[in-house]
Protein chains: 2
Amino acid sequence: MLTLKDIELAHERIRPFIHRTPILTNSSLNKLAGAELFFKCENFQKAGSFKIRGATNTVELLSDSELKRGIATTSSGNHGAALSMAVSRRGGSTKVVMPHNTPKIKVENVKRNGGEVVWCEPDQKFRESVLSDVVEETAATVVHPYNDERIMAGQGTCAKEILEDVPTIDCIVSPVSGGGLLSGSLVAAKNMKNSVKVFGAEPEEADDAYQSLKQGKIVPNKTINTICDGLRAEIGSKTFPVIQNLVDEIIPVSEKDIIESLQMIWERMKIIVEPSCSISLALILKNKMMFKNKNVGLIMSGGNVDLNKLPWK
Amino acid sequence: MLTLKDIELAHERIRPFIHRTPILTNSSLNKLAGAELFFKCENFQKAGSFKIRGATNTVELLSDSELKRGIATTSSGNHGAALSMAVSRRGGSTKVVMPHNTPKIKVENVKRNGGEVVWCEPDQKFRESVLSDVVEETAATVVHPYNDERIMAGQGTCAKEILEDVPTIDCIVSPVSGGGLLSGSLVAAKNMKNSVKVFGAEPEEADDAYQSLKQGKIVPNKTINTICDGLRAEIGSKTFPVIQNLVDEIIPVSEKDIIESLQMIWERMKIIVEPSCSISLALILKNKMMFKNKNVGLIMSGGNVDLNKLPWK
């Protein structure tokens, strides 16, 4: 099981290759929320999202021979770009299995960082089967986007930085998709400061983690009809037990609330974040009593948005 | 004539009421430009632009009786919002004469900060005549958006902060409209570090400052058909002599280049800035030889963009 020590070691390992992203505050959103909000800006991170943390940690741990066989993964875009960046730096090559409805900016981001795109149907089962085909053909080493303790440890460094920079944090809200970021955040936060509550924000339209918690076992998504292109994956066999064990609550959020909070962050904070992170603000604004007067960390997980396809057009 | 001492005093005066905005860098834009770019993020400033600097400095210098008569101004939006904020804080009221084609977000920003909007035709002559009417009716005290040394001193604090935070700066690029920001930047930069070159970036479609410099006297805009809604005003009688005396060059920039650089900043830096500031990056990218390997400060003057009307839609 993932430990704080794993996350600390990951942090040392990746430090030279990532940004220590800033934590921004905004008085008008604080007023609206009735809480002190601390936005951890991973949208400013290298390759545009927190994914570089887990990807770099894993790639640094690969042997030269693993690297030589080539690397493969499935990704909604951000992990693919991050992994390509980390692998390119070590001189390797990366194949990224991506759903064909991935935003163009994320596809270009993979290519710009040296990755090769392999298309698949959006559904989770196709993601995994196309990846298996790639591995069979090429004998590539798979770096899974979330179901891997090296990835989970890397993603946990983000919550670690929040607690280091704002020790008075009472709660952290993290988006949840495959569970890499949430499981890493849980292990980091709960072990660094026992009283911190950690919540997962999940789209109502792709609520497999919420349903899985309720049923006590992993169940698949019924729909993935959400604007949050980064939150359409399914909870993993390695991430789920950590979440089940440590999370305070996973709360589903409606598409309307996600879009409203997205526009709010862009307009008031003047930063570009993905719907997959505005979901955290939406969760807080819909559950104000839970966060009243608390210091709340929100992980702004990424900023790779297709500017030609904005949801409020 | 405006002096560095005026700017230093303004800085002390306004410090409690403004943000010390961050200076951001971006390695991919550095690579593209062949220079080290330092983006001074006044888009994160209070009321969403640098205008709060000059407005606060001026309002702090008003007497109670001046304030009691009410304040009036003309504005393309950002000065109006900033002035309304500064006046509201001292308990006064503000009338803002604005062109009816002002972006909605800027109109709302004025209202949210307690200002009252008075509409006018977009042309400069109408701006001034409607303002005269307001003053005649109400005996209001005018705080001009730029043609006032108190305003110019306040705006100069922005370049002062750039030089304090990045002493190795070789050049500064500032947008130019009425000339408040550029004249203040010139006096601050040239007196703090004699070798610093300061350039004004002006839309080709509203190039009165460029034409005025060339002809050695103030000439009006021939067109104001530019996307830069903040750069449609005309150079002032107080700002022009300072600019004439100190500026290294004013360089006109095309609409196409302004829009391209806007999208570049949004996509790569994940921050929301106005076309009126992406013009500075456009200037650099079109004149790379001038800036080769230099440390260049770019004033990102504001972030109040109507998200429903993006130029690349």
# chains A, B, ... in the order shown; residues from 1 in each chain; ligands from 1

call {"tool": "select_by_dssp", "arguments": {"residues": "range 107-255 of chain B", "states": "helix (DSSP H, G or I)", "output": "NGL selection string"}}
result
:B and (107-112 or 124-138 or 149-165 or 180-192 or 204-206 or 208-215 or 229-231 or 239-246 or 255)

call {"tool": "interface_residues", "arguments": {"of": "chain B", "to": "chain A", "cutoff": "6 Å", "atoms": "only C-alpha atoms", "output": "MDAnalysis selection string"}}
result
chainID B and resid 270:272

call {"tool": "select_by_dssp", "arguments": {"residues": "range 156-278 of chain B", "states": "strand (DSSP E or B)", "output": "list in words"}}
result
Cys171, Ile172, Val173, Ser174, Pro175, Lys197, Val198, Phe199, Gly200, Ala201, Glu202, Pro203, Glu249, Ile250, Ile251, Pro252, Val253 and Ile271 of chain B

call {"tool": "atom_distance", "arguments": {"atom1": "CA of Val134 in chain B", "atom2": "CA of Met98 in chain B"}}
result
12.2 Å

call {"tool": "residues_around", "arguments": {"residues": "Ala201 in chain A", "least_positions_apart": "5", "cutoff": "10 Å", "atoms": "only C-alpha atoms", "output": "PyMOL selection string"}}
result
chain A and resi 173-177+182+207+209-210+231+249-253+276-284

call {"tool": "residues_around", "arguments": {"residues": "Lys217 in chain B", "least_positions_apart": "6", "cutoff": "12 Å", "atoms": "only C-alpha atoms", "output": "ChimeraX atom specification"}}
result
/B:208-211,235-237,240-241,243-244

call {"tool": "write_last_selection", "arguments": {"atoms": "C-alpha atoms", "output": "compact mmCIF listing (two decimals), in the first residue's frame"}}
result
# COMPACT_ATOMS: atom_id res chain seq x y z
CA ASP B 208 -2.09 58.25 -33.35
CA ALA B 209 0.91 58.10 -31.00
CA TYR B 210 3.13 56.70 -33.75
CA GLN B 211 1.91 59.35 -36.23
CA ILE B 235 -2.43 60.55 -26.81
CA GLY B 236 -2.71 63.41 -24.28
CA SER B 237 -1.12 66.84 -24.06
CA PHE B 240 2.92 63.22 -25.30
CA PRO B 241 5.88 65.45 -24.32
CA ILE B 243 6.92 60.12 -24.60
CA GLN B 244 8.46 62.38 -27.25

call {"tool": "residues_around", "arguments": {"residues": "Val107 in chain B", "least_positions_apart": "3", "cutoff": "10 Å", "atoms": "only C-alpha atoms", "output": "ChimeraX atom specification"}}
result
/B:76-78,80-81,96,98-104,110-112,115-117

call {"tool": "closest_residue", "arguments": {"among": "B:Phe291, B:Phe126, B:Phe199, B:Phe50", "to": "Leu246 in chain B", "atoms": "only C-alpha atoms"}}
result
B:Phe199

call {"tool": "closest_residue", "arguments": {"among": "B:Thr223, B:Ser132, B:Thr94, B:Thr239", "to": "Arg150 in chain B", "atoms": "only C-alpha atoms"}}
result
B:Thr239

call {"tool": "atom_distance", "arguments": {"atom1": "CA of Val87 in chain B", "atom2": "CA of His144 in chain B"}}
result
13.6 Å

call {"tool": "atom_distance", "arguments": {"atom1": "CA of Ile258 in chain B", "atom2": "CA of Ala35 in chain B"}}
result
18.7 Å

call {"tool": "residues_around", "arguments": {"residues": "range 67-75 of chain B", "least_positions_apart": "3", "cutoff": "7 Å", "atoms": "only C-alpha atoms", "output": "PyMOL selection string"}}
result
chain B and resi 62-64+78-80+92-98+127+131+139-145

call {"tool": "write_last_selection", "arguments": {"atoms": "C-alpha atoms", "output": "PDB file, in the first residue's frame"}}
result
ATOM      1  CA  LEU B  62      -8.424  64.413  -3.577  1.00  0.00           C
ATOM      2  CA  SER B  63      -9.819  66.608  -0.817  1.00  0.00           C
ATOM      3  CA  ASP B  64     -13.017  65.614   0.973  1.00  0.00           C
ATOM      4  CA  ASN B  78     -10.715  49.567 -17.043  1.00  0.00           C
ATOM      5  CA  HIS B  79     -10.020  53.078 -15.738  1.00  0.00           C
ATOM      6  CA  GLY B  80     -13.729  53.484 -14.989  1.00  0.00           C
ATOM      7  CA  GLY B  92     -17.763  58.819  -2.945  1.00  0.00           C
ATOM      8  CA  SER B  93     -19.687  58.237  -6.184  1.00  0.00           C
ATOM      9  CA  THR B  94     -18.408  58.030  -9.775  1.00  0.00           C
ATOM     10  CA  LYS B  95     -19.955  58.709 -13.180  1.00  0.00           C
ATOM     11  CA  VAL B  96     -18.145  56.978 -16.048  1.00  0.00           C
ATOM     12  CA  VAL B  97     -18.627  58.126 -19.656  1.00  0.00           C
ATOM     13  CA  MET B  98     -18.142  55.009 -21.787  1.00  0.00           C
ATOM     14  CA  ARG B 127     -16.108  61.069 -25.073  1.00  0.00           C
ATOM     15  CA  LEU B 131     -17.870  64.330 -20.055  1.00  0.00           C
ATOM     16  CA  ALA B 139     -20.025  70.088 -10.839  1.00  0.00           C
ATOM     17  CA  ALA B 140     -18.247  66.747 -10.530  1.00  0.00           C
ATOM     18  CA  THR B 141     -14.461  66.550 -10.153  1.00  0.00           C
ATOM     19  CA  VAL B 142     -12.870  65.039 -13.252  1.00  0.00           C
ATOM     20  CA  VAL B 143     -10.228  62.347 -12.916  1.00  0.00           C
ATOM     21  CA  HIS B 144      -8.986  61.971 -16.464  1.00  0.00           C
ATOM     22  CA  PRO B 145      -7.943  58.434 -17.476  1.00  0.00           C
TER      23      PRO B 145
END

call {"tool": "closest_residue", "arguments": {"among": "B:Thr56, B:Phe38, B:Gly156, B:Lys31", "to": "Arg15 in chain B", "atoms": "only C-alpha atoms"}}
result
B:Thr56

call {"tool": "closest_residue", "arguments": {"among": "A:Val59, A:Ile265, A:Ile52, A:Leu29", "to": "Arg90 in chain A", "atoms": "only C-alpha atoms"}}
result
A:Val59
